[in-house]
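Novice: Coordinates in target-v8.pdb, PDB, C-alpha atoms, pLDDT in the B column, are listed below.
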```pdb
ATOM      1  CA  LEU A1064     -78.274 -14.228 -98.315  1.00 79.00           C
ATOM      2  CA  ALA A1065     -78.922 -13.877 -94.593  1.00 89.00           C
ATOM      3  CA  ALA A1066     -76.450 -16.502 -93.387  1.00 93.00           C
ATOM      4  CA  PRO A1067     -73.507 -15.355 -95.578  1.00 93.00           C
ATOM      5  CA  LEU A1068     -74.085 -11.731 -94.605  1.00 93.00           C
ATOM      6  CA  VAL A1069     -74.145 -12.509 -90.894  1.00 95.00           C
ATOM      7  CA  ALA A1070     -71.071 -14.707 -91.291  1.00 96.00           C
ATOM      8  CA  ALA A1071     -69.256 -11.875 -93.081  1.00 96.00           C
ATOM      9  CA  ALA A1072     -69.684  -9.702 -89.993  1.00 96.00           C
ATOM     10  CA  GLY A1073     -67.200 -12.003 -88.287  1.00 95.00           C
ATOM     11  CA  ASP A1074     -64.760 -12.259 -91.166  1.00 96.00           C
ATOM     12  CA  PRO A1075     -61.044 -11.937 -90.282  1.00 96.00           C
ATOM     13  CA  ASP A1076     -60.695  -9.128 -92.812  1.00 97.00           C
ATOM     14  CA  ARG A1077     -61.602  -5.835 -91.138  1.00 96.00           C
ATOM     15  CA  ALA A1078     -62.816  -4.305 -94.421  1.00 96.00           C
ATOM     16  CA  VAL A1079     -65.226  -7.209 -94.910  1.00 97.00           C
ATOM     17  CA  ARG A1080     -66.510  -6.863 -91.342  1.00 96.00           C
ATOM     18  CA  ALA A1081     -67.044  -3.140 -91.840  1.00 96.00           C
ATOM     19  CA  ALA A1082     -68.974  -3.581 -95.092  1.00 96.00           C
ATOM     20  CA  ALA A1083     -71.073  -6.432 -93.703  1.00 96.00           C
ATOM     21  CA  SER A1084     -71.886  -4.578 -90.499  1.00 95.00           C
ATOM     22  CA  ALA A1085     -73.013  -1.492 -92.422  1.00 94.00           C
ATOM     23  CA  ALA A1086     -75.277  -3.689 -94.556  1.00 92.00           C
ATOM     24  CA  LEU A1087     -76.684  -5.387 -91.465  1.00 92.00           C
ATOM     25  CA  CYS A1088     -77.520  -1.972 -89.999  1.00 89.00           C
ATOM     26  CA  ASN A1089     -79.686  -1.295 -93.012  1.00 86.00           C
ATOM     27  CA  VAL A1090     -81.478  -4.623 -93.200  1.00 86.00           C
ATOM     28  CA  ALA A1091     -81.991  -4.842 -89.425  1.00 86.00           C
ATOM     29  CA  LEU A1092     -84.291  -1.844 -89.706  1.00 81.00           C
ATOM     30  CA  ASP A1093     -86.564  -3.634 -92.170  1.00 69.00           C
ATOM     31  CA  ALA A1094     -89.540  -5.145 -90.309  1.00 65.00           C
ATOM     32  CA  SER A1095     -90.153  -7.850 -92.888  1.00 65.00           C
ATOM     33  CA  PRO A1096     -89.504 -11.563 -93.460  1.00 74.00           C
ATOM     34  CA  ALA A1097     -85.899 -10.553 -94.185  1.00 78.00           C
ATOM     35  CA  ARG A1098     -85.470  -9.632 -90.536  1.00 82.00           C
ATOM     36  CA  ASP A1099     -86.790 -13.044 -89.467  1.00 85.00           C
ATOM     37  CA  ALA A1100     -84.288 -14.775 -91.740  1.00 89.00           C
ATOM     38  CA  LEU A1101     -81.502 -12.674 -90.243  1.00 91.00           C
ATOM     39  CA  LEU A1102     -82.616 -13.536 -86.719  1.00 92.00           C
ATOM     40  CA  ASP A1103     -82.484 -17.217 -87.640  1.00 93.00           C
ATOM     41  CA  ALA A1104     -78.979 -16.695 -89.043  1.00 95.00           C
ATOM     42  CA  GLY A1105     -77.692 -15.148 -85.805  1.00 96.00           C
ATOM     43  CA  LEU A1106     -78.058 -11.432 -86.543  1.00 95.00           C
ATOM     44  CA  LEU A1107     -78.248 -10.273 -82.936  1.00 97.00           C
ATOM     45  CA  PRO A1108     -75.254 -12.199 -81.547  1.00 97.00           C
ATOM     46  CA  ALA A1109     -73.238 -10.973 -84.552  1.00 97.00           C
ATOM     47  CA  LEU A1110     -74.196  -7.356 -83.874  1.00 97.00           C
ATOM     48  CA  ALA A1111     -73.515  -7.764 -80.154  1.00 97.00           C
ATOM     49  CA  ALA A1112     -70.050  -9.108 -80.961  1.00 97.00           C
ATOM     50  CA  LEU A1113     -69.329  -6.103 -83.161  1.00 97.00           C
ATOM     51  CA  ALA A1114     -70.583  -3.756 -80.452  1.00 97.00           C
ATOM     52  CA  ALA A1115     -68.188  -5.385 -77.997  1.00 96.00           C
ATOM     53  CA  ASP A1116     -65.105  -4.668 -80.140  1.00 95.00           C
ATOM     54  CA  ALA A1117     -63.033  -2.544 -77.795  1.00 93.00           C
ATOM     55  CA  THR A1118     -60.343  -1.912 -80.397  1.00 94.00           C
ATOM     56  CA  ASP A1119     -62.388  -0.503 -83.296  1.00 96.00           C
ATOM     57  CA  ALA A1120     -64.775   2.385 -82.676  1.00 95.00           C
ATOM     58  CA  GLU A1121     -66.315   2.216 -86.153  1.00 95.00           C
ATOM     59  CA  LEU A1122     -67.202  -1.466 -85.874  1.00 96.00           C
ATOM     60  CA  ARG A1123     -68.478  -0.853 -82.348  1.00 97.00           C
ATOM     61  CA  LEU A1124     -70.649   1.960 -83.683  1.00 96.00           C
ATOM     62  CA  ASN A1125     -72.054  -0.247 -86.448  1.00 96.00           C
ATOM     63  CA  GLY A1126     -72.833  -2.975 -83.927  1.00 97.00           C
ATOM     64  CA  ALA A1127     -74.665  -0.553 -81.629  1.00 97.00           C
ATOM     65  CA  TRP A1128     -76.430   1.024 -84.611  1.00 95.00           C
ATOM     66  CA  GLY A1129     -77.614  -2.351 -85.862  1.00 95.00           C
ATOM     67  CA  LEU A1130     -78.908  -3.326 -82.423  1.00 96.00           C
ATOM     68  CA  GLN A1131     -80.756  -0.019 -82.192  1.00 96.00           C
ATOM     69  CA  ASN A1132     -82.366  -0.656 -85.571  1.00 94.00           C
ATOM     70  CA  ALA A1133     -83.229  -4.265 -84.724  1.00 94.00           C
ATOM     71  CA  ALA A1134     -85.151  -3.006 -81.690  1.00 94.00           C
ATOM     72  CA  PHE A1135     -87.191  -0.550 -83.770  1.00 92.00           C
ATOM     73  CA  HIS A1136     -90.825  -1.755 -83.870  1.00 90.00           C
ATOM     74  CA  ALA A1137     -89.552  -5.216 -82.939  1.00 91.00           C
ATOM     75  CA  GLY A1138     -91.908  -8.052 -82.173  1.00 89.00           C
ATOM     76  CA  GLY A1139     -91.755 -10.159 -79.067  1.00 91.00           C
ATOM     77  CA  ARG A1140     -89.398 -12.684 -80.612  1.00 90.00           C
ATOM     78  CA  ALA A1141     -86.834 -10.055 -81.626  1.00 92.00           C
ATOM     79  CA  ARG A1142     -87.037  -8.281 -78.264  1.00 95.00           C
ATOM     80  CA  GLY A1143     -86.427 -11.506 -76.389  1.00 95.00           C
ATOM     81  CA  ALA A1144     -83.572 -12.492 -78.686  1.00 96.00           C
ATOM     82  CA  LEU A1145     -81.967  -9.083 -78.250  1.00 97.00           C
ATOM     83  CA  LEU A1146     -82.043  -9.350 -74.454  1.00 97.00           C
ATOM     84  CA  ALA A1147     -80.496 -12.807 -74.716  1.00 97.00           C
ATOM     85  CA  ALA A1148     -77.754 -11.682 -77.110  1.00 97.00           C
ATOM     86  CA  LEU A1149     -76.793  -8.482 -75.300  1.00 98.00           C
ATOM     87  CA  PRO A1150     -76.245  -8.716 -71.532  1.00 97.00           C
ATOM     88  CA  TRP A1151     -77.115  -5.541 -69.659  1.00 97.00           C
ATOM     89  CA  ARG A1152     -73.469  -5.129 -68.661  1.00 97.00           C
ATOM     90  CA  ALA A1153     -72.539  -4.914 -72.354  1.00 97.00           C
ATOM     91  CA  ALA A1154     -75.349  -2.448 -73.095  1.00 98.00           C
ATOM     92  CA  ALA A1155     -74.272  -0.309 -70.129  1.00 97.00           C
ATOM     93  CA  ALA A1156     -70.713  -0.269 -71.439  1.00 97.00           C
ATOM     94  CA  LEU A1157     -71.993   1.038 -74.778  1.00 97.00           C
ATOM     95  CA  ALA A1158     -74.012   3.733 -73.004  1.00 97.00           C
ATOM     96  CA  ARG A1159     -70.788   4.826 -71.263  1.00 96.00           C
ATOM     97  CA  ASP A1160     -68.550   4.493 -74.319  1.00 97.00           C
ATOM     98  CA  ALA A1161     -65.857   7.094 -74.929  1.00 95.00           C
ATOM     99  CA  ASP A1162     -67.363   7.710 -78.391  1.00 95.00           C
ATOM    100  CA  ALA A1163     -70.431   9.955 -78.189  1.00 95.00           C
ATOM    101  CA  ARG A1164     -71.878   8.331 -81.317  1.00 95.00           C
ATOM    102  CA  VAL A1165     -71.870   4.908 -79.657  1.00 96.00           C
ATOM    103  CA  ARG A1166     -73.443   6.323 -76.483  1.00 97.00           C
ATOM    104  CA  ALA A1167     -76.266   7.867 -78.501  1.00 96.00           C
ATOM    105  CA  LYS A1168     -76.981   4.600 -80.309  1.00 96.00           C
ATOM    106  CA  ALA A1169     -77.004   2.646 -77.039  1.00 97.00           C
ATOM    107  CA  LEU A1170     -79.523   5.032 -75.487  1.00 97.00           C
ATOM    108  CA  ASN A1171     -81.613   4.980 -78.666  1.00 96.00           C
ATOM    109  CA  LEU A1172     -81.570   1.185 -78.414  1.00 97.00           C
ATOM    110  CA  LEU A1173     -83.076   1.419 -74.929  1.00 97.00           C
ATOM    111  CA  GLN A1174     -85.664   3.905 -76.168  1.00 96.00           C
ATOM    112  CA  ASN A1175     -86.706   1.525 -78.942  1.00 96.00           C
ATOM    113  CA  LEU A1176     -86.610  -1.527 -76.695  1.00 96.00           C
ATOM    114  CA  PHE A1177     -89.408  -0.113 -74.549  1.00 96.00           C
ATOM    115  CA  ALA A1178     -91.388   1.640 -77.294  1.00 95.00           C
ATOM    116  CA  HIS A1179     -94.652  -0.077 -78.249  1.00 93.00           C
ATOM    117  CA  ALA A1180     -93.811  -3.017 -75.961  1.00 95.00           C
ATOM    118  CA  THR A1181     -96.464  -5.091 -74.262  1.00 96.00           C
ATOM    119  CA  GLU A1182     -96.530  -4.903 -70.488  1.00 96.00           C
ATOM    120  CA  ALA A1183     -94.791  -8.283 -70.318  1.00 96.00           C
ATOM    121  CA  GLU A1184     -92.102  -7.231 -72.832  1.00 96.00           C
ATOM    122  CA  ALA A1185     -91.447  -3.963 -71.016  1.00 96.00           C
ATOM    123  CA  GLY A1186     -91.304  -5.829 -67.729  1.00 96.00           C
ATOM    124  CA  ALA A1187     -88.749  -8.247 -69.149  1.00 96.00           C
ATOM    125  CA  ALA A1188     -86.616  -5.364 -70.437  1.00 97.00           C
ATOM    126  CA  ALA A1189     -86.837  -3.606 -67.076  1.00 97.00           C
ATOM    127  CA  ALA A1190     -85.785  -6.798 -65.278  1.00 96.00           C
ATOM    128  CA  TRP A1191     -82.906  -7.234 -67.763  1.00 97.00           C
ATOM    129  CA  GLY A1192     -81.476  -3.803 -66.961  1.00 97.00           C
ATOM    130  CA  GLY A1193     -82.657  -3.549 -63.371  1.00 96.00           C
ATOM    131  CA  GLU A1194     -82.201  -0.508 -61.183  1.00 95.00           C
ATOM    132  CA  GLY A1195     -78.839   0.219 -62.770  1.00 96.00           C
ATOM    133  CA  MET A1196     -80.443   0.842 -66.134  1.00 97.00           C
ATOM    134  CA  LEU A1197     -83.059   3.175 -64.717  1.00 95.00           C
ATOM    135  CA  ARG A1198     -80.444   5.126 -62.754  1.00 94.00           C
ATOM    136  CA  LEU A1199     -78.279   5.469 -65.850  1.00 95.00           C
ATOM    137  CA  LEU A1200     -81.234   6.671 -67.911  1.00 95.00           C
ATOM    138  CA  ALA A1201     -82.295   9.117 -65.203  1.00 93.00           C
ATOM    139  CA  GLU A1202     -78.781  10.541 -65.041  1.00 92.00           C
ATOM    140  CA  ARG A1203     -78.602  10.971 -68.799  1.00 93.00           C
ATOM    141  CA  ALA A1204     -82.099  12.444 -69.002  1.00 91.00           C
ATOM    142  CA  ARG A1205     -80.950  15.125 -66.583  1.00 87.00           C
ATOM    143  CA  GLY A1206     -78.019  15.820 -68.885  1.00 82.00           C
ATOM    144  CA  GLY A1207     -75.364  14.113 -66.792  1.00 72.00           C
ATOM    145  CA  GLY A1208     -72.927  11.254 -67.244  1.00 62.00           C
ATOM    146  CA  GLY A1209     -71.961  11.935 -70.871  1.00 55.00           C
ATOM    147  CA  ASP A1210     -68.445  13.157 -72.313  1.00 49.00           C
ATOM    148  CA  GLY A1211     -88.973  18.415 -73.914  1.00 33.00           C
ATOM    149  CA  ASP A1212     -92.085  16.651 -73.542  1.00 32.00           C
ATOM    150  CA  ALA A1213     -91.598  12.888 -73.352  1.00 35.00           C
ATOM    151  CA  ALA A1214     -94.654  11.444 -75.054  1.00 35.00           C
ATOM    152  CA  ALA A1215     -95.240   7.785 -74.284  1.00 38.00           C
ATOM    153  CA  THR A1216     -94.274   4.890 -76.561  1.00 46.00           C
ATOM    154  CA  THR A1217     -92.100   6.858 -78.914  1.00 54.00           C
ATOM    155  CA  SER A1218     -89.494   5.004 -80.948  1.00 54.00           C
ATOM    156  CA  ALA A1219     -86.657   6.385 -82.997  1.00 53.00           C
ATOM    157  CA  ALA A1220     -84.834   4.982 -85.975  1.00 46.00           C
ATOM    158  CA  PRO A1221     -82.561   7.502 -87.635  1.00 43.00           C
ATOM    159  CA  SER A1222     -81.510   6.720 -91.177  1.00 39.00           C
ATOM    160  CA  PRO A1223     -79.273   3.685 -91.330  1.00 40.00           C
ATOM    161  CA  PRO A1224     -75.612   4.237 -92.152  1.00 39.00           C
ATOM    162  CA  THR A1225     -75.055   6.110 -95.389  1.00 33.00           C
ATOM    163  CA  ASP A1226     -72.040   7.981 -96.673  1.00 35.00           C
ATOM    164  CA  ASP A1227     -71.925  11.760 -96.748  1.00 34.00           C
ATOM    165  CA  ASP A1228     -70.252  13.541 -99.622  1.00 33.00           C
ATOM    166  CA  ASP A1229     -66.817  12.893 -98.134  1.00 35.00           C
ATOM    167  CA  GLY A1230     -67.578   9.235 -97.471  1.00 36.00           C
ATOM    168  CA  GLU A1231     -67.981   9.668 -93.732  1.00 43.00           C
ATOM    169  CA  CYS A1232     -71.049   8.494 -91.822  1.00 46.00           C
ATOM    170  CA  ARG A1233     -72.074  11.063 -89.192  1.00 52.00           C
ATOM    171  CA  PRO A1234     -74.785   9.839 -86.836  1.00 64.00           C
ATOM    172  CA  GLU A1235     -76.511  12.294 -84.552  1.00 79.00           C
ATOM    173  CA  ALA A1236     -74.696  12.582 -81.220  1.00 81.00           C
ATOM    174  CA  GLY A1237     -74.066  14.894 -78.284  1.00 90.00           C
ATOM    175  CA  PRO A1238     -75.357  15.516 -74.751  1.00 90.00           C
ATOM    176  CA  ALA A1239     -78.730  16.831 -75.899  1.00 90.00           C
ATOM    177  CA  VAL A1240     -79.264  13.764 -78.093  1.00 92.00           C
ATOM    178  CA  GLU A1241     -78.355  11.442 -75.222  1.00 94.00           C
ATOM    179  CA  ALA A1242     -80.703  13.296 -72.857  1.00 92.00           C
ATOM    180  CA  ARG A1243     -83.562  13.037 -75.346  1.00 91.00           C
ATOM    181  CA  HIS A1244     -83.164   9.308 -75.928  1.00 94.00           C
ATOM    182  CA  ALA A1245     -82.852   8.646 -72.192  1.00 94.00           C
ATOM    183  CA  ALA A1246     -85.968  10.669 -71.408  1.00 92.00           C
ATOM    184  CA  TYR A1247     -87.993   8.862 -74.054  1.00 93.00           C
ATOM    185  CA  ALA A1248     -86.703   5.499 -72.847  1.00 95.00           C
ATOM    186  CA  LEU A1249     -87.910   6.274 -69.326  1.00 94.00           C
ATOM    187  CA  ALA A1250     -91.263   7.546 -70.596  1.00 93.00           C
ATOM    188  CA  ASN A1251     -91.724   4.453 -72.757  1.00 94.00           C
ATOM    189  CA  ALA A1252     -90.804   2.143 -69.882  1.00 95.00           C
ATOM    190  CA  ALA A1253     -93.236   3.852 -67.545  1.00 92.00           C
ATOM    191  CA  ALA A1254     -96.027   3.895 -70.122  1.00 91.00           C
ATOM    192  CA  CYS A1255     -95.697   0.292 -71.249  1.00 94.00           C
ATOM    193  CA  GLY A1256     -94.386  -1.518 -68.199  1.00 92.00           C
ATOM    194  CA  GLY A1257     -97.284  -1.321 -65.818  1.00 90.00           C
ATOM    195  CA  GLU A1258     -97.460  -0.031 -62.267  1.00 92.00           C
ATOM    196  CA  ARG A1259     -94.341  -1.784 -60.983  1.00 92.00           C
ATOM    197  CA  VAL A1260     -92.119  -0.409 -63.730  1.00 93.00           C
ATOM    198  CA  ARG A1261     -93.712   3.035 -63.467  1.00 91.00           C
ATOM    199  CA  ASP A1262     -92.970   3.092 -59.742  1.00 91.00           C
ATOM    200  CA  ALA A1263     -89.391   2.032 -60.415  1.00 92.00           C
ATOM    201  CA  VAL A1264     -88.986   4.848 -62.952  1.00 91.00           C
ATOM    202  CA  ALA A1265     -90.327   7.352 -60.434  1.00 88.00           C
ATOM    203  CA  ALA A1266     -87.925   6.046 -57.781  1.00 89.00           C
ATOM    204  CA  SER A1267     -84.926   6.147 -60.109  1.00 88.00           C
ATOM    205  CA  GLY A1268     -84.313   9.854 -59.868  1.00 83.00           C
ATOM    206  CA  ALA A1269     -85.837  10.498 -63.287  1.00 81.00           C
ATOM    207  CA  PRO A1270     -86.807  14.096 -64.022  1.00 72.00           C
ATOM    208  CA  ALA A1271     -90.159  14.677 -62.353  1.00 66.00           C
ATOM    209  CA  ALA A1272     -91.866  15.643 -65.607  1.00 58.00           C
ATOM    210  CA  ILE A1273     -91.492  12.139 -67.052  1.00 67.00           C
ATOM    211  CA  PRO A1274     -93.698  10.094 -64.662  1.00 52.00           C
ATOM    212  CA  MET A1275     -96.041  13.072 -64.207  1.00 47.00           C
ATOM    213  CA  LEU A1276     -96.804  13.042 -67.937  1.00 49.00           C
ATOM    214  CA  LEU A1277     -97.956   9.444 -67.657  1.00 52.00           C
ATOM    215  CA  THR A1278    -100.257   9.595 -64.626  1.00 47.00           C
TER     216      THR A1278
END
```
Re-express the file's structure as structure tokens.
Specialist:
Amino acid sequence: LAAPLVAAAGDPDRAVRAAASAALCNVALDASPARDALLDAGLLPALAALAADATDAELRLNGAWGLQNAAFHAGGRARGALLAALPWRAAAALARDADARVRAKALNLLQNLFAHATEAEAGAAAAWGGEGMLRLLAERARGGGGDGDAAATTSAAPSPPTDDDDGECRPEAGPAVEARHAAYALANAAACGGERVRDAVAASGAPAAIPMLLT
């Protein structure tokens, strides 16, 4: 079912795309052979395409949510495929989206991308985003740029999309949520990325407590 489901995410019918993208959000979180089959079928490019939909906030949210979930406890193959499917410029646009829900998912994606990474994987993610990513995260961790103790290598995967009683999906969002995800992303990067990445985090303008917790 992996290939038809991924294909449905690009269907011309908006209702089909919405249903398929919500399903992909759920299965992307499953660290099992199902995820491998979805990766082979083009899961990450399909989610990145949804996340790039400038005309439909709900589809953009589902794309960002699915990418966040795909990064949760991801192996090296999935991390590399995610970096290839989602250019940093596209991820940065999601982190600056007008919709607070999309911004939160983009920052959670960065948190998960660095969590539990090997030094090489964290280094690759840091090179992918460069100084711009670290500056953005530092700004958000300070509570800026958006309309606690940061323990190392923490990942976050809120429940995948489900309907509330009125049929509306309400992901966690808001400035405090964005600040938390950004702070954890910086802490994870510093903890997993080795001395070079840790120095870059410290030089980024990150809140002083984050690198200090990791020394």
Novice: Name the closest residue to Ala1153 of chain A among the candidates A:Ala1117, A:Ala1204, A:Ala1141, A:Ala1071; distances are taken between atoms, counting all atoms listed in the file.
Specialist: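 Result for the nearest residue to Ala1153 of chain A: A:Ala1117.
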Novice: Using all atoms listed in the file, find the one residue out of A:Ala1137, A:Leu1130, A:Val1240, A:Leu1064 that sits nearest to Ala1085 of chain A.
Specialist: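 Of A:Ala1137, A:Leu1130, A:Val1240, A:Leu1064, the one nearest Ala1085 of chain A is A:Leu1130, counting all atoms listed in the file.
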Novice: Take the PyMOL selection byres ((chain A and resi 1189) around 12), apply it to the structure above, and return the hits as a ChimeraX atom specification.
Specialist: /A:1146,1151,1173-1174,1176-1177,1180,1182-1188,1190-1198,1200,1248-1249,1251-1253,1255-1257,1259-1264
Novice: Determine the nearest neighbour of Leu1145 of chain A from the options A:Val1069, A:Arg1164, A:Leu1157, A:Leu1110, counting only C-alpha atoms.
Specialist: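 Using only C-alpha atoms, the shortest distance to Leu1145 of chain A belongs to A:Leu1110.
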Novice: With the PyMOL selection byres ((chain A and resi 1116) around 12) as the selection, what would be picked from this file? Answer as a PDB file with C-alpha atoms, keeping the file's coordinate frame, please.
Specialist:
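Output file result-v8.pdb is given in full below:
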```pdb
ATOM      1  CA  ALA A1072     -69.684  -9.702 -89.993  1.00 96.00           C
ATOM      2  CA  GLY A1073     -67.200 -12.003 -88.287  1.00 95.00           C
ATOM      3  CA  ARG A1077     -61.602  -5.835 -91.138  1.00 96.00           C
ATOM      4  CA  ARG A1080     -66.510  -6.863 -91.342  1.00 96.00           C
ATOM      5  CA  ALA A1081     -67.044  -3.140 -91.840  1.00 96.00           C
ATOM      6  CA  ALA A1109     -73.238 -10.973 -84.552  1.00 97.00           C
ATOM      7  CA  LEU A1110     -74.196  -7.356 -83.874  1.00 97.00           C
ATOM      8  CA  ALA A1111     -73.515  -7.764 -80.154  1.00 97.00           C
ATOM      9  CA  ALA A1112     -70.050  -9.108 -80.961  1.00 97.00           C
ATOM     10  CA  LEU A1113     -69.329  -6.103 -83.161  1.00 97.00           C
ATOM     11  CA  ALA A1114     -70.583  -3.756 -80.452  1.00 97.00           C
ATOM     12  CA  ALA A1115     -68.188  -5.385 -77.997  1.00 96.00           C
ATOM     13  CA  ALA A1117     -63.033  -2.544 -77.795  1.00 93.00           C
ATOM     14  CA  THR A1118     -60.343  -1.912 -80.397  1.00 94.00           C
ATOM     15  CA  ASP A1119     -62.388  -0.503 -83.296  1.00 96.00           C
ATOM     16  CA  ALA A1120     -64.775   2.385 -82.676  1.00 95.00           C
ATOM     17  CA  GLU A1121     -66.315   2.216 -86.153  1.00 95.00           C
ATOM     18  CA  LEU A1122     -67.202  -1.466 -85.874  1.00 96.00           C
ATOM     19  CA  ARG A1123     -68.478  -0.853 -82.348  1.00 97.00           C
ATOM     20  CA  LEU A1124     -70.649   1.960 -83.683  1.00 96.00           C
ATOM     21  CA  ASN A1125     -72.054  -0.247 -86.448  1.00 96.00           C
ATOM     22  CA  GLY A1126     -72.833  -2.975 -83.927  1.00 97.00           C
ATOM     23  CA  ALA A1127     -74.665  -0.553 -81.629  1.00 97.00           C
ATOM     24  CA  ALA A1153     -72.539  -4.914 -72.354  1.00 97.00           C
ATOM     25  CA  ALA A1156     -70.713  -0.269 -71.439  1.00 97.00           C
ATOM     26  CA  LEU A1157     -71.993   1.038 -74.778  1.00 97.00           C
ATOM     27  CA  ASP A1160     -68.550   4.493 -74.319  1.00 97.00           C
ATOM     28  CA  VAL A1165     -71.870   4.908 -79.657  1.00 96.00           C
TER      29      VAL A1165
END
```
Novice: Please determine, counting only C-alpha atoms, which residue among A:Ala1178, A:Val1090, A:Leu1107, A:Ala1266 has the shortest atom-to-atom distance to Pro1150 of chain A.
Specialist: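 Closest to Pro1150 of chain A, using only C-alpha atoms: A:Leu1107.
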Novice: Work out how far atom CA of His1179 of chain A is from atom CA of Leu1101 of chain A, in Å to one decimal.
Specialist: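 Atom CA of His1179 of chain A lies 21.8 Å from atom CA of Leu1101 of chain A.
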Novice: Between A:Gly1207, A:Pro1270, A:Gly1143, A:Gly1138, which residue has the minimum interatomic distance to Ala1250 of chain A, considering only C-alpha atoms?
Specialist: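 Distance minimum relative to Ala1250 of chain A lands on A:Pro1270.
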Novice: If we count all atoms listed in the file and set the cut-off at 8 Å, which residues sit around Gly1129 of chain A, ignoring sequence neighbours fewer than 5 positions away in its own chain? Please answer as an NGL selection string.
Specialist: :A and (1084 or 1087-1089 or 1091-1092 or 1110)
Novice: Can you tell me how far atom CA of Gly1139 of chain A sits from atom CA of Asn1175 of chain A, in Å to one decimal?
Specialist: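 Rounded to one decimal, the two atoms are 12.7 Å apart.
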Novice: Could you state the separation of atom CA of Ala1134 of chain A and atom CA of Ala1147 of chain A in Å, given to one decimal place?
Specialist: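 Between atom CA of Ala1134 of chain A and atom CA of Ala1147 of chain A the gap works out to 12.9 Å.
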Novice: On this file, the PyMOL selection byres ((chain A and resi 1236) around 8) gives some set of residues; write that set as a list in words.
Specialist: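 Against this file, the PyMOL selection byres ((chain A and resi 1236) around 8) returns the residues Ala1163, Arg1164, Arg1166, Ala1167, Pro1234, Glu1235, Gly1237, Pro1238, Ala1239, Val1240 and Glu1241 of chain A.
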Novice: Could segment 1155-1159 of chain A be completed with all heavy atoms and written as a PDB file, keeping the file's coordinate frame, please?
Specialist:
```
ATOM      1  N   ALA A1155     -74.702  -1.423 -70.984  1.00 97.00           N
ATOM      2  CA  ALA A1155     -74.272  -0.309 -70.129  1.00 97.00           C
ATOM      3  C   ALA A1155     -72.913   0.212 -70.563  1.00 97.00           C
ATOM      4  O   ALA A1155     -72.662   1.426 -70.554  1.00 97.00           O
ATOM      5  CB  ALA A1155     -74.234  -0.762 -68.679  1.00 97.00           C
ATOM      6  N   ALA A1156     -72.022  -0.700 -70.964  1.00 97.00           N
ATOM      7  CA  ALA A1156     -70.713  -0.269 -71.439  1.00 97.00           C
ATOM      8  C   ALA A1156     -70.844   0.590 -72.692  1.00 97.00           C
ATOM      9  O   ALA A1156     -70.121   1.589 -72.860  1.00 97.00           O
ATOM     10  CB  ALA A1156     -69.830  -1.484 -71.711  1.00 97.00           C
ATOM     11  N   LEU A1157     -71.765   0.225 -73.581  1.00 97.00           N
ATOM     12  CA  LEU A1157     -71.993   1.038 -74.778  1.00 97.00           C
ATOM     13  C   LEU A1157     -72.544   2.411 -74.408  1.00 97.00           C
ATOM     14  O   LEU A1157     -72.176   3.425 -75.004  1.00 97.00           O
ATOM     15  CB  LEU A1157     -72.961   0.323 -75.717  1.00 97.00           C
ATOM     16  CG  LEU A1157     -72.454  -0.961 -76.362  1.00 97.00           C
ATOM     17  CD1 LEU A1157     -73.583  -1.652 -77.119  1.00 97.00           C
ATOM     18  CD2 LEU A1157     -71.287  -0.678 -77.303  1.00 97.00           C
ATOM     19  N   ALA A1158     -73.427   2.459 -73.420  1.00 97.00           N
ATOM     20  CA  ALA A1158     -74.012   3.733 -73.004  1.00 97.00           C
ATOM     21  C   ALA A1158     -72.992   4.630 -72.314  1.00 97.00           C
ATOM     22  O   ALA A1158     -73.226   5.833 -72.163  1.00 97.00           O
ATOM     23  CB  ALA A1158     -75.191   3.480 -72.068  1.00 97.00           C
ATOM     24  N   ARG A1159     -71.856   4.051 -71.903  1.00 96.00           N
ATOM     25  CA  ARG A1159     -70.788   4.826 -71.263  1.00 96.00           C
ATOM     26  C   ARG A1159     -69.543   4.908 -72.150  1.00 96.00           C
ATOM     27  O   ARG A1159     -68.468   5.279 -71.679  1.00 96.00           O
ATOM     28  CB  ARG A1159     -70.421   4.192 -69.917  1.00 96.00           C
ATOM     29  CG  ARG A1159     -71.549   4.158 -68.896  1.00 96.00           C
ATOM     30  CD  ARG A1159     -71.052   3.647 -67.560  1.00 96.00           C
ATOM     31  NE  ARG A1159     -72.095   3.663 -66.548  1.00 96.00           N
ATOM     32  CZ  ARG A1159     -72.807   2.593 -66.198  1.00 96.00           C
ATOM     33  NH1 ARG A1159     -72.567   1.425 -66.779  1.00 96.00           N
ATOM     34  NH2 ARG A1159     -73.744   2.689 -65.275  1.00 96.00           N
TER      35      ARG A1159
END
```
